[in-house]
>>> print(open('data.cif').read())   # mmCIF, C-alpha atoms
data_model
#
loop_
_atom_site.label_atom_id
_atom_site.label_comp_id
_atom_site.auth_asym_id
_atom_site.auth_seq_id
_atom_site.Cartn_x
_atom_site.Cartn_y
_atom_site.Cartn_z
CA MET A 1 8.86 -30.66 21.68
CA LYS A 2 11.03 -29.25 18.87
CA GLN A 3 13.74 -26.82 19.95
CA TYR A 4 15.04 -23.87 17.86
CA ASP A 5 17.12 -20.78 18.46
CA VAL A 6 14.69 -18.67 16.43
CA ILE A 7 11.12 -19.37 15.39
CA ILE A 8 9.33 -17.11 12.93
CA ILE A 9 5.54 -17.22 12.82
CA GLY A 10 4.44 -16.36 9.28
CA GLY A 11 5.79 -17.57 5.95
CA GLY A 12 5.26 -14.36 4.00
CA ALA A 13 7.62 -11.67 2.71
CA ALA A 14 8.76 -10.38 6.11
CA GLY A 15 9.04 -13.84 7.67
CA PHE A 16 11.17 -15.24 4.86
CA PHE A 17 13.38 -12.19 4.61
CA ALA A 18 14.06 -12.39 8.34
CA ALA A 19 14.76 -16.12 8.19
CA VAL A 20 17.18 -16.14 5.26
CA ASN A 21 19.09 -13.12 6.56
CA ILE A 22 19.40 -14.70 10.01
CA GLY A 23 20.65 -17.85 8.28
CA GLU A 24 23.31 -15.87 6.45
CA LEU A 25 24.34 -13.43 9.20
CA HIS A 26 24.17 -15.94 12.09
CA PRO A 27 24.82 -19.42 10.66
CA ASN A 28 25.17 -20.79 14.21
CA LEU A 29 21.45 -20.26 14.88
CA LYS A 30 18.84 -22.93 14.17
CA VAL A 31 15.86 -21.23 12.49
CA ALA A 32 12.32 -22.36 11.58
CA ILE A 33 9.40 -20.69 9.83
CA LEU A 34 5.90 -21.76 10.89
CA GLU A 35 3.35 -21.14 8.12
CA ARG A 36 -0.35 -21.87 8.73
CA GLY A 37 -1.15 -22.57 5.05
CA LYS A 38 0.04 -25.30 2.76
CA ASP A 39 2.02 -22.79 0.67
CA VAL A 40 4.36 -19.97 1.64
CA LEU A 41 4.73 -16.46 0.17
CA GLY A 42 1.14 -16.23 -1.08
CA LYS A 43 1.01 -12.42 -1.06
CA VAL A 44 4.34 -12.22 -2.89
CA LYS A 45 2.89 -14.44 -5.62
CA VAL A 46 -0.07 -12.17 -6.41
CA SER A 47 1.68 -8.82 -5.82
CA GLY A 48 1.89 -6.44 -8.76
CA GLY A 49 -0.43 -8.55 -10.87
CA GLY A 50 1.81 -11.61 -10.44
CA ARG A 51 5.01 -9.67 -11.20
CA CYS A 52 5.94 -8.74 -7.58
CA ASN A 53 6.49 -5.03 -7.08
CA VAL A 54 9.47 -5.49 -4.73
CA THR A 55 10.11 -1.82 -3.89
CA HIS A 56 10.00 1.73 -5.28
CA ALA A 57 12.69 3.96 -6.77
CA GLU A 58 12.89 6.46 -3.92
CA PHE A 59 16.44 6.57 -2.60
CA ILE A 60 16.32 9.31 0.07
CA PRO A 61 15.16 8.06 3.50
CA GLN A 62 13.29 11.28 4.37
CA GLU A 63 11.41 11.15 1.05
CA LEU A 64 10.69 7.43 1.34
CA THR A 65 9.01 7.88 4.73
CA THR A 66 6.40 10.27 3.27
CA TYR A 67 4.69 7.32 1.54
CA TYR A 68 3.70 5.82 4.91
CA PRO A 69 0.51 7.30 6.45
CA ARG A 70 1.32 5.39 9.64
CA GLY A 71 5.01 4.93 10.47
CA GLU A 72 6.52 7.98 8.76
CA LYS A 73 8.40 9.21 11.83
CA GLU A 74 9.39 5.75 13.11
CA LEU A 75 10.78 4.48 9.79
CA LEU A 76 13.36 7.22 9.27
CA GLY A 77 16.01 5.49 11.40
CA PRO A 78 15.37 2.01 9.96
CA PHE A 79 15.54 3.34 6.38
CA HIS A 80 19.00 4.72 7.10
CA THR A 81 19.99 1.13 7.88
CA PHE A 82 18.25 -0.73 5.03
CA MET A 83 16.17 0.78 2.22
CA THR A 84 15.53 0.71 -1.51
CA GLY A 85 19.11 0.58 -2.75
CA ASP A 86 19.92 -2.15 -0.22
CA THR A 87 16.89 -4.15 -1.35
CA MET A 88 17.98 -3.93 -4.98
CA GLY A 89 21.53 -4.90 -4.09
CA TRP A 90 20.33 -7.83 -1.99
CA PHE A 91 18.28 -9.37 -4.78
CA GLU A 92 20.80 -8.70 -7.52
CA ALA A 93 23.60 -10.28 -5.46
CA ARG A 94 21.46 -13.44 -5.38
CA GLY A 95 20.89 -13.61 -9.12
CA VAL A 96 17.61 -11.69 -9.33
CA PRO A 97 18.10 -8.64 -11.59
CA LEU A 98 15.54 -5.86 -11.08
CA LYS A 99 14.24 -3.06 -13.29
CA ILE A 100 12.76 0.36 -12.55
CA GLU A 101 9.60 1.20 -14.49
CA ASP A 102 8.58 4.71 -15.59
CA ASP A 103 6.30 5.19 -12.58
CA GLY A 104 9.11 4.26 -10.14
CA ARG A 105 7.89 0.76 -9.31
CA ILE A 106 10.62 -1.88 -9.22
CA PHE A 107 10.07 -5.43 -10.50
CA PRO A 108 12.23 -8.45 -11.28
CA THR A 109 13.27 -8.27 -14.94
CA SER A 110 11.60 -11.67 -15.35
CA ASN A 111 8.21 -9.97 -14.74
CA ASN A 112 7.33 -13.02 -12.66
CA SER A 113 6.86 -13.14 -8.90
CA GLN A 114 7.95 -16.79 -8.94
CA THR A 115 11.52 -15.50 -9.42
CA ILE A 116 11.35 -13.85 -6.00
CA ILE A 117 9.73 -16.91 -4.42
CA ASP A 118 12.38 -19.22 -5.88
CA CYS A 119 15.12 -16.91 -4.58
CA PHE A 120 13.72 -17.09 -1.04
CA LEU A 121 13.23 -20.85 -1.14
CA ASN A 122 16.79 -21.35 -2.44
CA GLU A 123 18.21 -19.07 0.27
CA ALA A 124 16.21 -20.88 2.96
CA ASP A 125 17.55 -24.20 1.72
CA LYS A 126 21.10 -22.87 1.46
CA HIS A 127 21.06 -21.56 5.05
CA ASN A 128 19.28 -24.59 6.56
CA VAL A 129 16.08 -22.78 7.50
CA ASP A 130 13.31 -25.26 8.31
CA VAL A 131 10.16 -24.19 6.43
CA LEU A 132 7.22 -25.91 8.15
CA THR A 133 3.81 -25.57 6.49
CA ASN A 134 0.32 -26.46 7.80
CA GLN A 135 1.42 -25.15 11.19
CA SER A 136 -1.48 -23.05 12.45
CA VAL A 137 -0.38 -21.45 15.73
CA ILE A 138 -2.94 -21.79 18.52
CA SER A 139 -0.90 -20.19 21.33
CA PHE A 140 2.48 -18.89 22.37
CA GLU A 141 3.71 -17.98 25.82
CA LYS A 142 6.88 -17.11 27.64
CA ILE A 143 8.30 -19.75 29.95
CA ASN A 144 11.23 -18.30 31.89
CA THR A 145 13.41 -16.82 29.12
CA GLN A 146 12.12 -19.02 26.30
CA TRP A 147 9.03 -19.04 24.09
CA SER A 148 6.69 -22.02 23.93
CA ILE A 149 4.68 -22.15 20.69
CA SER A 150 1.82 -24.56 20.13
CA THR A 151 0.34 -25.37 16.72
CA LYS A 152 -2.57 -27.69 15.93
CA THR A 153 -0.11 -30.56 15.50
CA ASP A 154 3.16 -29.71 17.26
CA GLN A 155 4.92 -28.05 20.19
CA PHE A 156 7.98 -25.82 19.75
CA LEU A 157 10.44 -24.11 22.05
CA ALA A 158 12.52 -21.10 20.93
CA ASN A 159 15.01 -18.69 22.49
CA LYS A 160 13.77 -15.90 20.20
CA LEU A 161 10.37 -15.43 18.60
CA ILE A 162 9.66 -13.29 15.53
CA VAL A 163 6.03 -12.61 14.65
CA ALA A 164 5.54 -11.73 10.97
CA THR A 165 1.92 -12.64 10.34
CA GLY A 166 0.70 -9.38 8.79
CA SER A 167 -2.85 -8.35 9.60
CA ASN A 168 -3.86 -11.50 11.45
CA PRO A 169 -6.58 -10.87 14.11
CA LYS A 170 -5.94 -14.20 15.85
CA ILE A 171 -2.24 -13.46 16.38
CA TRP A 172 -3.07 -9.90 17.43
CA SER A 173 -5.38 -11.30 20.12
CA PHE A 174 -2.54 -13.52 21.42
CA LEU A 175 -0.32 -10.43 21.62
CA GLN A 176 -3.03 -8.54 23.49
CA GLN A 177 -2.95 -11.31 26.08
CA LEU A 178 0.77 -10.56 26.37
CA GLU A 179 -0.15 -6.93 27.22
CA HIS A 180 0.55 -5.45 23.79
CA THR A 181 -1.82 -2.73 22.55
CA ILE A 182 -3.43 -3.40 19.17
CA ILE A 183 -4.62 -0.41 17.16
CA LYS A 184 -7.94 -1.54 15.67
CA PRO A 185 -7.44 -2.38 11.99
CA VAL A 186 -9.30 -0.57 9.23
CA PRO A 187 -8.87 -1.01 5.46
CA SER A 188 -6.24 1.24 3.91
CA LEU A 189 -5.77 0.82 0.14
CA PHE A 190 -9.21 0.85 -1.47
CA THR A 191 -11.11 2.39 -4.37
CA PHE A 192 -14.26 4.51 -4.18
CA ASN A 193 -17.75 3.32 -5.16
CA ILE A 194 -19.53 6.16 -6.98
CA ASN A 195 -22.83 5.98 -8.84
CA ASP A 196 -22.92 9.17 -10.94
CA GLN A 197 -24.31 9.86 -14.39
CA ARG A 198 -21.19 11.81 -15.36
CA ILE A 199 -18.93 8.76 -15.16
CA LYS A 200 -21.41 5.94 -15.69
CA ASP A 201 -20.60 5.37 -19.37
CA ILE A 202 -16.87 6.10 -19.45
CA PRO A 203 -15.07 3.32 -17.53
CA GLY A 204 -11.40 3.01 -18.47
CA VAL A 205 -10.89 6.76 -18.90
CA VAL A 206 -7.80 8.15 -17.15
CA ALA A 207 -7.27 11.82 -16.28
CA GLN A 208 -3.57 12.31 -15.65
CA ASN A 209 -3.23 15.42 -13.49
CA VAL A 210 -6.05 15.45 -10.96
CA THR A 211 -6.47 16.78 -7.42
CA VAL A 212 -9.03 15.06 -5.17
CA LYS A 213 -10.26 16.44 -1.84
CA VAL A 214 -12.57 14.92 0.74
CA VAL A 215 -15.21 17.56 1.46
CA ASP A 216 -15.21 18.84 5.07
CA SER A 217 -11.73 17.50 5.82
CA LYS A 218 -8.06 18.29 5.21
CA LEU A 219 -7.60 15.13 3.14
CA GLU A 220 -6.28 15.80 -0.34
CA SER A 221 -4.15 14.00 -2.92
CA SER A 222 -3.15 14.34 -6.55
CA GLY A 223 -2.08 12.18 -9.47
CA PRO A 224 -3.78 10.09 -12.14
CA LEU A 225 -7.45 9.19 -11.69
CA LEU A 226 -9.08 6.15 -13.31
CA ILE A 227 -12.82 5.94 -13.88
CA THR A 228 -14.01 2.37 -13.33
CA HIS A 229 -17.26 0.41 -13.66
CA TRP A 230 -17.87 0.95 -9.93
CA GLY A 231 -16.44 4.45 -9.43
CA MET A 232 -12.90 5.80 -9.20
CA SER A 233 -9.42 4.34 -8.68
CA ALA A 234 -5.71 4.92 -9.54
CA PRO A 235 -3.00 6.63 -7.46
CA SER A 236 -4.89 9.82 -6.54
CA ILE A 237 -7.73 7.77 -5.01
CA LEU A 238 -5.56 5.06 -3.45
CA LYS A 239 -3.30 7.64 -1.79
CA LEU A 240 -6.37 9.40 -0.40
CA SER A 241 -7.71 6.08 0.92
CA ALA A 242 -4.40 5.30 2.65
CA PHE A 243 -3.88 8.67 4.29
CA GLY A 244 -7.60 8.94 5.09
CA ALA A 245 -8.03 5.34 6.29
CA LEU A 246 -9.11 6.24 9.84
CA GLU A 247 -11.18 9.29 8.91
CA LEU A 248 -13.04 7.51 6.08
CA ALA A 249 -13.75 4.49 8.30
CA LYS A 250 -15.36 6.87 10.83
CA ARG A 251 -17.58 8.15 8.02
CA ASP A 252 -18.56 4.57 7.17
CA TYR A 253 -17.20 5.17 3.65
CA LYS A 254 -19.99 7.62 2.85
CA PHE A 255 -18.65 11.08 2.00
CA ASP A 256 -18.31 13.65 -0.78
CA ILE A 257 -15.18 14.28 -2.82
CA GLU A 258 -14.34 17.33 -4.88
CA VAL A 259 -12.40 16.52 -8.05
CA ASN A 260 -10.28 19.06 -9.91
CA PHE A 261 -9.77 17.33 -13.26
CA ILE A 262 -7.35 19.96 -14.64
CA ASN A 263 -5.46 21.01 -11.49
CA GLN A 264 -6.30 24.68 -11.99
CA GLU A 265 -8.08 27.27 -9.88
CA PHE A 266 -11.71 27.93 -10.82
CA GLU A 267 -10.96 31.55 -11.79
CA THR A 268 -8.02 30.53 -14.01
CA ALA A 269 -10.15 27.92 -15.77
CA LEU A 270 -12.97 30.42 -16.29
CA SER A 271 -10.55 32.95 -17.77
CA ASP A 272 -9.14 30.25 -20.10
CA LEU A 273 -12.66 29.26 -21.19
CA LYS A 274 -13.47 32.87 -22.05
CA ASP A 275 -10.34 33.02 -24.23
CA ILE A 276 -11.28 29.71 -25.89
CA LYS A 277 -14.77 31.11 -26.53
CA GLN A 278 -13.16 33.94 -28.52
CA ASP A 279 -10.67 31.74 -30.38
CA LEU A 280 -13.01 28.85 -31.26
CA SER A 281 -16.31 30.72 -31.47
CA LYS A 282 -17.67 28.73 -34.43
CA LYS A 283 -16.70 25.27 -33.19
CA THR A 284 -19.02 23.09 -31.11
CA VAL A 285 -17.96 22.87 -27.47
CA PHE A 286 -18.80 19.16 -27.25
CA LYS A 287 -16.25 18.22 -29.92
CA ALA A 288 -13.53 20.77 -29.06
CA THR A 289 -11.76 18.95 -26.20
CA GLN A 290 -9.60 21.24 -24.02
CA PHE A 291 -7.04 21.04 -21.16
CA ASP A 292 -5.56 17.76 -22.47
CA LEU A 293 -8.53 15.85 -21.06
CA PRO A 294 -9.61 12.52 -22.53
CA LYS A 295 -12.37 13.19 -25.10
CA ARG A 296 -14.97 11.05 -23.36
CA LEU A 297 -14.40 12.82 -20.04
CA TRP A 298 -14.57 16.28 -21.68
CA LYS A 299 -17.87 15.40 -23.36
CA THR A 300 -19.52 14.16 -20.17
CA LEU A 301 -18.41 17.28 -18.24
CA VAL A 302 -19.71 19.54 -21.03
CA LEU A 303 -23.13 17.87 -20.85
CA ALA A 304 -23.08 18.11 -17.04
CA ALA A 305 -22.65 21.89 -17.42
CA ASP A 306 -25.98 22.07 -19.30
CA ILE A 307 -24.26 22.60 -22.63
CA THR A 308 -25.82 20.66 -25.53
CA GLU A 309 -23.98 18.70 -28.18
CA ASP A 310 -24.86 21.43 -30.71
CA ASN A 311 -23.84 24.50 -28.71
CA ARG A 312 -21.00 26.44 -30.28
CA TRP A 313 -18.49 28.29 -28.12
CA ALA A 314 -20.01 31.59 -29.27
CA ASP A 315 -23.41 30.47 -27.89
CA LEU A 316 -22.19 30.03 -24.31
CA ASN A 317 -23.50 32.46 -21.73
CA LYS A 318 -21.86 33.41 -18.42
CA ILE A 319 -23.79 30.77 -16.45
CA GLN A 320 -22.72 27.96 -18.80
CA LEU A 321 -19.08 29.05 -18.77
CA GLU A 322 -19.09 29.13 -14.96
CA ALA A 323 -20.82 25.74 -14.83
CA LEU A 324 -18.18 24.21 -17.12
CA ALA A 325 -15.34 25.77 -15.09
CA GLY A 326 -17.01 24.26 -12.00
CA GLN A 327 -17.24 20.77 -13.54
CA LEU A 328 -13.59 20.98 -14.54
CA THR A 329 -12.18 22.26 -11.24
CA LYS A 330 -14.58 21.40 -8.43
CA ALA A 331 -16.88 18.58 -9.47
CA VAL A 332 -18.46 16.98 -6.41
CA PHE A 333 -19.15 13.23 -6.36
CA LYS A 334 -20.89 11.16 -3.67
CA VAL A 335 -18.86 8.18 -2.49
CA ASP A 336 -20.98 5.32 -1.20
CA GLY A 337 -18.71 2.50 -0.08
CA LYS A 338 -15.34 1.09 -1.08
CA SER A 339 -13.85 -1.79 -3.03
CA THR A 340 -10.64 -3.66 -2.21
CA PHE A 341 -7.73 -2.74 -4.45
CA LYS A 342 -6.86 -5.92 -6.39
CA GLU A 343 -5.40 -8.68 -4.19
CA GLU A 344 -3.17 -6.20 -2.36
CA PHE A 345 -5.39 -5.81 0.68
CA VAL A 346 -3.68 -3.55 3.19
CA THR A 347 -4.91 -2.51 6.62
CA ALA A 348 -4.06 0.35 8.91
CA GLY A 349 -3.73 -1.01 12.42
CA GLY A 350 -1.68 -3.46 14.43
CA ILE A 351 0.78 -3.29 17.30
CA ASP A 352 1.04 0.21 18.74
CA LEU A 353 4.25 1.79 17.44
CA LYS A 354 5.10 3.06 20.93
CA GLU A 355 5.60 -0.58 22.02
CA VAL A 356 8.27 -1.39 19.42
CA ASN A 357 11.98 -0.52 19.59
CA PHE A 358 12.78 0.55 16.02
CA LYS A 359 16.52 0.05 16.49
CA ASN A 360 16.00 -3.74 16.48
CA TYR A 361 12.19 -4.23 16.12
CA GLN A 362 12.07 -5.92 19.52
CA SER A 363 9.03 -5.64 21.74
CA LYS A 364 9.45 -3.07 24.51
CA ILE A 365 7.28 -5.28 26.73
CA HIS A 366 8.94 -8.69 26.26
CA ASP A 367 12.59 -9.52 25.63
CA ASN A 368 13.33 -11.87 22.73
CA LEU A 369 10.04 -11.07 21.00
CA TYR A 370 10.42 -9.34 17.62
CA PHE A 371 8.08 -8.06 14.92
CA ALA A 372 8.48 -7.68 11.16
CA GLY A 373 6.19 -6.37 8.42
CA GLU A 374 2.58 -5.26 8.62
CA ILE A 375 1.85 -6.82 12.02
CA ILE A 376 2.78 -3.44 13.49
CA ASN A 377 0.76 -0.29 12.80
CA VAL A 378 2.68 0.67 9.66
CA ASP A 379 1.16 0.80 6.19
CA ALA A 380 1.90 2.51 2.91
CA VAL A 381 0.45 3.66 -0.38
CA THR A 382 0.63 1.33 -3.36
CA GLY A 383 3.80 0.99 -5.42
CA GLY A 384 6.12 -1.40 -3.55
CA PHE A 385 6.29 0.55 -0.29
CA ASN A 386 4.61 -2.10 1.89
CA PHE A 387 7.17 -4.64 0.72
CA GLN A 388 9.99 -2.20 1.48
CA ASN A 389 8.69 -1.95 5.05
CA ALA A 390 8.75 -5.78 5.21
CA TRP A 391 12.34 -6.02 3.93
CA THR A 392 13.61 -3.23 6.20
CA SER A 393 12.01 -4.49 9.41
CA ALA A 394 12.97 -8.11 8.71
CA TYR A 395 16.58 -7.24 7.90
CA ILE A 396 16.98 -5.16 11.07
CA VAL A 397 15.52 -8.00 13.16
CA ALA A 398 17.94 -10.43 11.49
CA LYS A 399 20.92 -8.17 12.05
CA ASN A 400 20.17 -7.71 15.76
CA ILE A 401 18.72 -11.11 16.71
CA ASP A 402 21.92 -12.45 18.28
CA ASN A 403 22.72 -9.37 20.37
#
>>> encode(input="data.cif", output="structure tokens")
Amino acid sequence: MKQYDVIIIGGGAAGFFAAVNIGELHPNLKVAILERGKDVLGKVKVSGGGRCNVTHAEFIPQELTTYYPRGEKELLGPFHTFMTGDTMGWFEARGVPLKIEDDGRIFPTSNNSQTIIDCFLNEADKHNVDVLTNQSVISFEKINTQWSISTKTDQFLANKLIVATGSNPKIWSFLQQLEHTIIKPVPSLFTFNINDQRIKDIPGVVAQNVTVKVVDSKLESSGPLLITHWGMSAPSILKLSAFGALELAKRDYKFDIEVNFINQEFETALSDLKDIKQDLSKKTVFKATQFDLPKRLWKTLVLAADITEDNRWADLNKIQLEALAGQLTKAVFKVDGKSTFKEEFVTAGGIDLKEVNFKNYQSKIHDNLYFAGEIINVDAVTGGFNFQNAWTSAYIVAKNIDN
């Protein structure tokens, strides 16, 4: 039986951040990380295409919370304690300079996630954190005031237990046995599978200023939209998938979306098209791209409005103009299924937020049991926000662990 003051189950972002901060803030405590795999920090390694998108340049707590479909209300207090600026300061103080990209995502200037991994491993070593791999947890239970943790090979005893295993069904089931409520997980960040003639031959095209709505719902988002080989992706779609995670799961990922490619009202677009008809009467519609749309997208929408490649603007009748305005502002596409967004698989679901004390991330049901990261029912849109939740929760656990 190996005895520790603090044991952390999970050697990912949240687990490591908790461990190294405990090591620094409470050097008297003996800390161990139990990781089921042979390597730690696997998700950190692949994040941001191998560059590690550590956080996002949003420095106002109230604004930062709006990127979390689940957890917005609960995270406001924690973000006042530790948020983006604190994350940047933490890494830079440990020799990891960061940079803010044009879209607000923040990466190490090295453009290599290994820089973040090396920082964590060095900090763990410096603060005498025991990092134990190949330790698959098969049970944990409370014995008097301590926690007994069994893995396939070892037995551990700890005064405090931190669970930072992300979306791990096995660990969730153990927590259910300890009377915690688990909100059933559903995928959050995903792209839409769409088989439609209008986009079939134009993968790689990006429309910059798009609004997407789910038909027969209040779900709506805006931003860039990427046409892919399998359908649609990019921030407008990913945000919709995150905020609509529960609703779209209920629909079994079969639903209609309405896409406004130019972010204008139908009537405004129709009026503009009538003006263009006057100004460019002799030009062919097919070749005269409008509204700053990519040429390939314009051409496919023109054809979808029953306008031929040879039609000049002067030839267009009222029905064709209305059809083109419709394709531009309210094109309906059938979504039939989803695809995981890169390696950054995120789920909505986890420990019910009502059972967590957000002042210290301790369980409201069991003393000396803490949570960090995505194990609780918090998730975010893409762009570094899920990592920020990991850093914030882990830091607050670390700060309060010895109280």
>>> residues_near_point(input="data.cif", point="(10.1, -4.9, 11.2)", cutoff="9 Å", atoms="all atoms listed in the file", output="PyMOL selection string")
chain A and resi 14+18+78+164+358+360-362+370-376+389-397
>>> closest_residue(input="data.cif", among="A:Ser113, A:Thr268, A:Pro294, A:Ile227", to="Gly49 in chain A", atoms="all atoms listed in the file")
A:Ser113
>>> resolve_selection(input="data.cif", expression="the PyMOL selection byres ((chain A and resi 145-161) around 8)", output="PyMOL selection string")
chain A and resi 1-9+135-144+162-163+368-370+401
>>> residues_around(input="data.cif", residues="Lys250 in chain A", least_positions_apart="6", cutoff="12 Å", atoms="only C-alpha atoms", output="VMD selection string")
chain A and resid 186 to 187 244
>>> resolve_selection(input="data.cif", expression="the PyMOL selection byres ((chain A and resi 257-265) around 8)", output="ChimeraX atom specification")
/A:207,209-215,255-256,266-269,291,293,328-335
>>> resolve_selection(input="data.cif", expression="the PyMOL selection byres ((chain A and resi 35) around 6)", output="short mmCIF file (atom, residue, chain, number, x, y, z; two decimals) with C-alpha atoms, in the coordinates of the input")
data_model
loop_
_atom_site.label_atom_id
_atom_site.label_comp_id
_atom_site.auth_asym_id
_atom_site.auth_seq_id
_atom_site.Cartn_x
_atom_site.Cartn_y
_atom_site.Cartn_z
CA GLY A 10 4.44 -16.36 9.28
CA GLY A 11 5.79 -17.57 5.95
CA LEU A 34 5.90 -21.76 10.89
CA ARG A 36 -0.35 -21.87 8.73
CA GLY A 37 -1.15 -22.57 5.05
CA THR A 133 3.81 -25.57 6.49
CA GLN A 135 1.42 -25.15 11.19
#
>>> decode(input="data.cif", residues="range 200-216 of chain A", atoms="N, CA and C atoms", output="PDB file, in the first residue's frame")
ATOM      1  N   LYS A 200     -20.950  19.709 -53.598  1.00  0.00           N
ATOM      2  CA  LYS A 200     -20.236  18.454 -53.876  1.00  0.00           C
ATOM      3  C   LYS A 200     -18.854  18.674 -54.488  1.00  0.00           C
ATOM      4  N   ASP A 201     -18.752  19.644 -55.402  1.00  0.00           N
ATOM      5  CA  ASP A 201     -17.500  19.816 -56.152  1.00  0.00           C
ATOM      6  C   ASP A 201     -16.667  21.006 -55.698  1.00  0.00           C
ATOM      7  N   ILE A 202     -16.962  21.555 -54.516  1.00  0.00           N
ATOM      8  CA  ILE A 202     -16.187  22.741 -54.097  1.00  0.00           C
ATOM      9  C   ILE A 202     -15.577  22.605 -52.688  1.00  0.00           C
ATOM     10  N   PRO A 203     -15.034  21.418 -52.336  1.00  0.00           N
ATOM     11  CA  PRO A 203     -14.398  21.320 -51.016  1.00  0.00           C
ATOM     12  C   PRO A 203     -13.229  22.296 -50.910  1.00  0.00           C
ATOM     13  N   GLY A 204     -13.034  22.827 -49.716  1.00  0.00           N
ATOM     14  CA  GLY A 204     -11.939  23.770 -49.487  1.00  0.00           C
ATOM     15  C   GLY A 204     -12.370  25.220 -49.577  1.00  0.00           C
ATOM     16  N   VAL A 205     -13.590  25.462 -50.079  1.00  0.00           N
ATOM     17  CA  VAL A 205     -14.089  26.834 -50.190  1.00  0.00           C
ATOM     18  C   VAL A 205     -14.518  27.332 -48.800  1.00  0.00           C
ATOM     19  N   VAL A 206     -14.141  28.577 -48.496  1.00  0.00           N
ATOM     20  CA  VAL A 206     -14.520  29.188 -47.218  1.00  0.00           C
ATOM     21  C   VAL A 206     -15.330  30.453 -47.482  1.00  0.00           C
ATOM     22  N   ALA A 207     -16.515  30.523 -46.884  1.00  0.00           N
ATOM     23  CA  ALA A 207     -17.298  31.768 -46.880  1.00  0.00           C
ATOM     24  C   ALA A 207     -17.083  32.406 -45.513  1.00  0.00           C
ATOM     25  N   GLN A 208     -16.700  33.666 -45.500  1.00  0.00           N
ATOM     26  CA  GLN A 208     -16.213  34.271 -44.251  1.00  0.00           C
ATOM     27  C   GLN A 208     -17.297  34.725 -43.287  1.00  0.00           C
ATOM     28  N   ASN A 209     -18.410  35.240 -43.806  1.00  0.00           N
ATOM     29  CA  ASN A 209     -19.376  35.903 -42.922  1.00  0.00           C
ATOM     30  C   ASN A 209     -20.745  35.262 -43.078  1.00  0.00           C
ATOM     31  N   VAL A 210     -20.929  34.127 -42.425  1.00  0.00           N
ATOM     32  CA  VAL A 210     -22.089  33.268 -42.658  1.00  0.00           C
ATOM     33  C   VAL A 210     -22.913  33.138 -41.370  1.00  0.00           C
ATOM     34  N   THR A 211     -24.222  33.061 -41.529  1.00  0.00           N
ATOM     35  CA  THR A 211     -25.096  32.724 -40.397  1.00  0.00           C
ATOM     36  C   THR A 211     -25.763  31.383 -40.695  1.00  0.00           C
ATOM     37  N   VAL A 212     -25.725  30.480 -39.713  1.00  0.00           N
ATOM     38  CA  VAL A 212     -26.308  29.145 -39.881  1.00  0.00           C
ATOM     39  C   VAL A 212     -27.369  28.934 -38.809  1.00  0.00           C
ATOM     40  N   LYS A 213     -28.552  28.497 -39.222  1.00  0.00           N
ATOM     41  CA  LYS A 213     -29.630  28.196 -38.280  1.00  0.00           C
ATOM     42  C   LYS A 213     -30.030  26.743 -38.434  1.00  0.00           C
ATOM     43  N   VAL A 214     -30.405  26.108 -37.325  1.00  0.00           N
ATOM     44  CA  VAL A 214     -31.038  24.792 -37.385  1.00  0.00           C
ATOM     45  C   VAL A 214     -32.535  25.030 -37.543  1.00  0.00           C
ATOM     46  N   VAL A 215     -33.104  24.491 -38.611  1.00  0.00           N
ATOM     47  CA  VAL A 215     -34.525  24.683 -38.891  1.00  0.00           C
ATOM     48  C   VAL A 215     -35.364  24.086 -37.752  1.00  0.00           C
ATOM     49  N   ASP A 216     -36.441  24.775 -37.394  1.00  0.00           N
ATOM     50  CA  ASP A 216     -37.339  24.354 -36.309  1.00  0.00           C
ATOM     51  C   ASP A 216     -36.647  24.331 -34.946  1.00  0.00           C
TER      52      ASP A 216
END
